[in-house]
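Raw contents of input37.tsv, TSV, C-alpha atoms:
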chain	number	residue	atom	x	y	z
A	1	MET	CA	12.30	45.32	4.95
A	2	LYS	CA	12.86	48.89	3.83
A	3	LEU	CA	13.21	49.23	0.05
A	4	ASP	CA	15.05	52.04	-1.64
A	5	ASP	CA	14.72	53.23	-5.24
A	6	ARG	CA	17.29	50.74	-6.53
A	7	ASP	CA	15.56	47.79	-4.86
A	8	ILE	CA	12.26	48.85	-6.40
A	9	GLU	CA	13.90	49.23	-9.80
A	10	ILE	CA	15.37	45.72	-9.50
A	11	LEU	CA	11.89	44.37	-8.78
A	12	ARG	CA	10.35	46.37	-11.62
A	13	ILE	CA	12.91	45.13	-14.15
A	14	LEU	CA	12.76	41.49	-13.02
A	15	SER	CA	8.95	41.47	-13.11
A	16	THR	CA	9.07	41.89	-16.90
A	17	GLU	CA	12.59	40.71	-17.77
A	18	GLY	CA	13.29	37.68	-15.58
A	19	ARG	CA	16.13	36.45	-17.80
A	20	ILE	CA	18.12	39.66	-17.75
A	21	THR	CA	21.77	39.00	-16.98
A	22	LYS	CA	23.09	40.14	-13.64
A	23	ALA	CA	25.58	42.42	-15.44
A	24	ALA	CA	22.81	44.03	-17.51
A	25	LEU	CA	20.65	44.43	-14.40
A	26	ALA	CA	23.53	46.08	-12.54
A	27	ASP	CA	24.11	48.42	-15.46
A	28	ARG	CA	20.41	49.35	-15.68
A	29	ILE	CA	20.20	50.31	-11.99
A	30	GLY	CA	23.58	52.05	-11.91
A	31	LEU	CA	25.53	49.65	-9.70
A	32	SER	CA	28.49	47.38	-10.20
A	33	PRO	CA	27.63	43.65	-10.42
A	34	THR	CA	28.64	42.65	-6.87
A	35	PRO	CA	26.43	45.17	-4.99
A	36	CYS	CA	23.61	44.44	-7.43
A	37	TRP	CA	23.99	40.70	-6.78
A	38	ASP	CA	23.96	41.38	-3.01
A	39	ARG	CA	20.72	43.36	-3.34
A	40	LEU	CA	19.16	40.65	-5.48
A	41	LYS	CA	20.04	37.95	-2.94
A	42	LYS	CA	18.64	40.16	-0.13
A	43	LEU	CA	15.35	40.57	-2.04
A	44	GLU	CA	15.16	36.82	-2.66
A	45	LYS	CA	15.95	35.98	0.99
A	46	ALA	CA	13.26	38.42	2.15
A	47	GLY	CA	10.74	36.55	-0.02
A	48	LEU	CA	10.04	39.52	-2.28
A	49	ILE	CA	11.13	37.48	-5.31
A	50	GLU	CA	9.20	34.23	-5.26
A	51	GLY	CA	10.61	32.73	-8.45
A	52	TYR	CA	11.53	33.10	-12.08
A	53	ARG	CA	9.25	31.75	-14.81
A	54	ALA	CA	8.96	31.52	-18.56
A	55	GLU	CA	5.82	32.73	-20.28
A	56	ILE	CA	4.74	30.01	-22.70
A	57	ALA	CA	2.96	30.81	-25.98
A	58	LEU	CA	0.20	28.23	-25.54
A	59	LYS	CA	-1.31	28.81	-28.98
A	60	LYS	CA	1.98	27.67	-30.54
A	61	LEU	CA	1.72	24.38	-28.63
A	62	GLY	CA	-1.71	23.64	-30.02
A	63	PRO	CA	-5.39	24.38	-29.54
A	64	HIS	CA	-6.49	25.34	-26.05
A	65	VAL	CA	-9.14	27.29	-24.19
A	66	THR	CA	-8.77	29.42	-21.09
A	67	VAL	CA	-11.79	29.58	-18.83
A	68	PHE	CA	-12.41	31.55	-15.66
A	69	VAL	CA	-14.79	29.88	-13.24
A	70	ALA	CA	-16.51	31.68	-10.40
A	71	ALA	CA	-17.19	28.99	-7.83
A	72	GLU	CA	-19.49	28.86	-4.85
A	73	LEU	CA	-19.12	26.20	-2.18
A	74	ALA	CA	-22.01	24.33	-0.60
A	75	ASP	CA	-20.73	24.88	2.94
A	76	HIS	CA	-18.87	27.84	4.35
A	77	THR	CA	-16.85	26.20	7.07
A	78	ALA	CA	-13.09	26.35	7.46
A	79	ALA	CA	-12.93	22.60	6.83
A	80	SER	CA	-14.90	22.98	3.57
A	81	PHE	CA	-12.56	25.71	2.34
A	82	ARG	CA	-9.48	23.64	3.21
A	83	ALA	CA	-10.92	20.55	1.49
A	84	PHE	CA	-11.78	22.49	-1.66
A	85	GLU	CA	-8.36	24.14	-1.81
A	86	ALA	CA	-6.59	20.80	-1.36
A	87	ALA	CA	-8.73	19.21	-4.08
A	88	VAL	CA	-8.18	22.06	-6.55
A	89	GLY	CA	-4.43	21.63	-6.11
A	90	ARG	CA	-4.70	18.13	-7.58
A	91	TYR	CA	-6.11	19.32	-10.94
A	92	ASP	CA	-3.31	20.35	-13.30
A	93	GLU	CA	-5.79	22.16	-15.54
A	94	VAL	CA	-6.50	24.63	-12.73
A	95	VAL	CA	-3.55	26.93	-13.33
A	96	ALA	CA	-4.59	29.55	-10.77
A	97	CYS	CA	-7.18	29.85	-8.04
A	98	TRP	CA	-8.01	32.77	-5.76
A	99	ALA	CA	-10.21	32.87	-2.67
A	100	LEU	CA	-12.57	35.83	-2.91
A	101	GLY	CA	-14.47	38.02	-0.54
A	102	GLY	CA	-17.94	38.93	-1.70
A	103	GLY	CA	-20.40	37.00	-3.83
A	104	PHE	CA	-18.36	34.00	-4.96
A	105	ASP	CA	-15.96	31.94	-2.90
A	106	TYR	CA	-13.27	31.28	-5.52
A	107	LEU	CA	-12.14	32.33	-8.96
A	108	MET	CA	-10.34	29.60	-10.89
A	109	GLN	CA	-8.36	29.95	-14.10
A	110	ILE	CA	-8.53	26.73	-16.08
A	111	VAL	CA	-6.71	25.81	-19.28
A	112	THR	CA	-7.83	22.78	-21.30
A	113	ARG	CA	-7.58	21.57	-24.87
A	114	ASP	CA	-11.17	22.53	-25.69
A	115	ILE	CA	-14.59	23.21	-24.17
A	116	ASP	CA	-15.43	19.49	-24.08
A	117	ALA	CA	-12.33	18.84	-21.98
A	118	TYR	CA	-13.29	21.73	-19.72
A	119	GLN	CA	-16.78	20.31	-19.20
A	120	ARG	CA	-15.35	16.85	-18.45
A	121	LEU	CA	-13.12	18.47	-15.81
A	122	ILE	CA	-16.06	20.28	-14.19
A	123	ASP	CA	-18.11	17.07	-14.24
A	124	GLU	CA	-15.21	15.26	-12.57
A	125	MET	CA	-15.01	17.96	-9.91
A	126	LEU	CA	-18.74	17.71	-9.25
A	127	ASP	CA	-18.58	13.91	-9.08
A	128	ALA	CA	-15.61	14.11	-6.69
A	129	ARG	CA	-17.79	16.05	-4.23
A	130	ILE	CA	-15.13	18.62	-3.42
A	131	GLY	CA	-17.77	21.02	-2.13
A	132	LEU	CA	-18.58	22.81	-5.39
A	133	ALA	CA	-22.24	23.88	-5.23
A	134	ARG	CA	-22.51	26.31	-8.17
A	135	TYR	CA	-20.15	27.55	-10.81
A	136	PHE	CA	-20.23	30.16	-13.53
A	137	THR	CA	-18.13	29.77	-16.66
A	138	TYR	CA	-16.45	32.65	-18.48
A	139	VAL	CA	-14.61	31.65	-21.66
A	140	VAL	CA	-11.68	33.86	-22.65
A	141	THR	CA	-12.13	34.97	-26.26
A	142	LYS	CA	-8.84	36.86	-26.52
A	143	PRO	CA	-6.14	38.12	-24.20
A	144	VAL	CA	-6.16	41.89	-23.84
A	145	LYS	CA	-3.52	42.49	-21.20
A	146	GLY	CA	-1.30	39.92	-19.57
A	147	ARG	CA	1.21	39.97	-16.83
A	148	GLY	CA	2.88	43.28	-16.42
A	149	ALA	CA	4.95	44.88	-13.76
A	150	PRO	CA	2.98	45.55	-10.59
A	151	PRO	CA	2.20	49.25	-9.99
A	152	PHE	CA	5.05	49.71	-7.51
A	153	ASP	CA	4.44	53.44	-7.17
A	154	VAL	CA	0.84	52.85	-6.17
A	155	LEU	CA	1.61	49.92	-3.87
A	156	LEU	CA	4.41	51.73	-2.07
A	157	GLY	CA	2.65	55.09	-1.96
A	158	ALA	CA	5.41	56.82	-3.90

Rewritten as structure tokens:
Amino acid sequence: MKLDDRDIEILRILSTEGRITKAALADRIGLSPTPCWDRLKKLEKAGLIEGYRAEIALKKLGPHVTVFVAAELADHTAASFRAFEAAVGRYDEVVACWALGGGFDYLMQIVTRDIDAYQRLIDEMLDARIGLARYFTYVVTKPVKGRGAPPFDVLLGA
């Protein structure tokens, strides 16, 4: 799909302001609402917009800890990777997981109530024999930069 400047601007705005009204979005990109709506639907249909989410202020809900875990699997077969990925999907505390190239096999982002709950989760994963051989824990002490708009200019070579 070929994107023009208005399509890119729609994506840029929605990446940081997902609740913007369609009228306000149309105004910001210099179109009337109907053509803006058509472009938005085209971007959604093409799979460029995967969804709309709310960012939750976890610290206002109560105590929590965010931990990044670099994980290494015991076996490096396609079946082992599939089994691990399926197992990780069953743990609600694992809020994100990425397969990596290089030293570690996966990077998991885990959110639990506290460090004890995190350790219980890791122990459960080890007991479940999901293929986890080694893991390295990195506790987040403070957020520095969160989700922002992707660098569209860099990604699109503009």

All residues 7 Å or closer to Ala70 (chain A), only C-alpha atoms, same chain fewer than 5 positions away omitted, as a CSV table (one decimal) with C-alpha atoms, in the coordinates of the input:
chain,number,residue,atom,x,y,z
A,104,PHE,CA,-18.4,34.0,-5.0
A,106,TYR,CA,-13.3,31.3,-5.5
A,107,LEU,CA,-12.1,32.3,-9.0
A,108,MET,CA,-10.3,29.6,-10.9
A,135,TYR,CA,-20.2,27.6,-10.8
A,136,PHE,CA,-20.2,30.2,-13.5
A,137,THR,CA,-18.1,29.8,-16.7

So what do you get for CA of Val88 (chain A) versus CA of Ala46 (chain A), distance-wise?
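Between these atoms lies a distance of 28.3 Å.
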
With a distance cut-off of 10 Å and only C-alpha atoms, select the neighbouring residues of Leu48 (chain A), excluding the residue or stretch itself and same-chain residues fewer than 6 positions from it, and output the selection as a VMD selection string.
chain A and resid 1 11 40 42

So which residues touch region 18-26 of chain A within 9 Å, counting all atoms listed in the file, skipping near sequence neighbours fewer than 3 positions away, as a list in words?
Ile10, Ile13, Leu14, Ser15, Ile29, Gly30, Leu31, Ser32, Pro33, Thr34, Pro35, Cys36, Trp37, Tyr52, Arg53 and Ala54 of chain A

Between CA of Asp127 (chain A) and CA of Val94 (chain A), what distance in Å does the model show, to one decimal?
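Those two atoms sit 16.6 Å apart.
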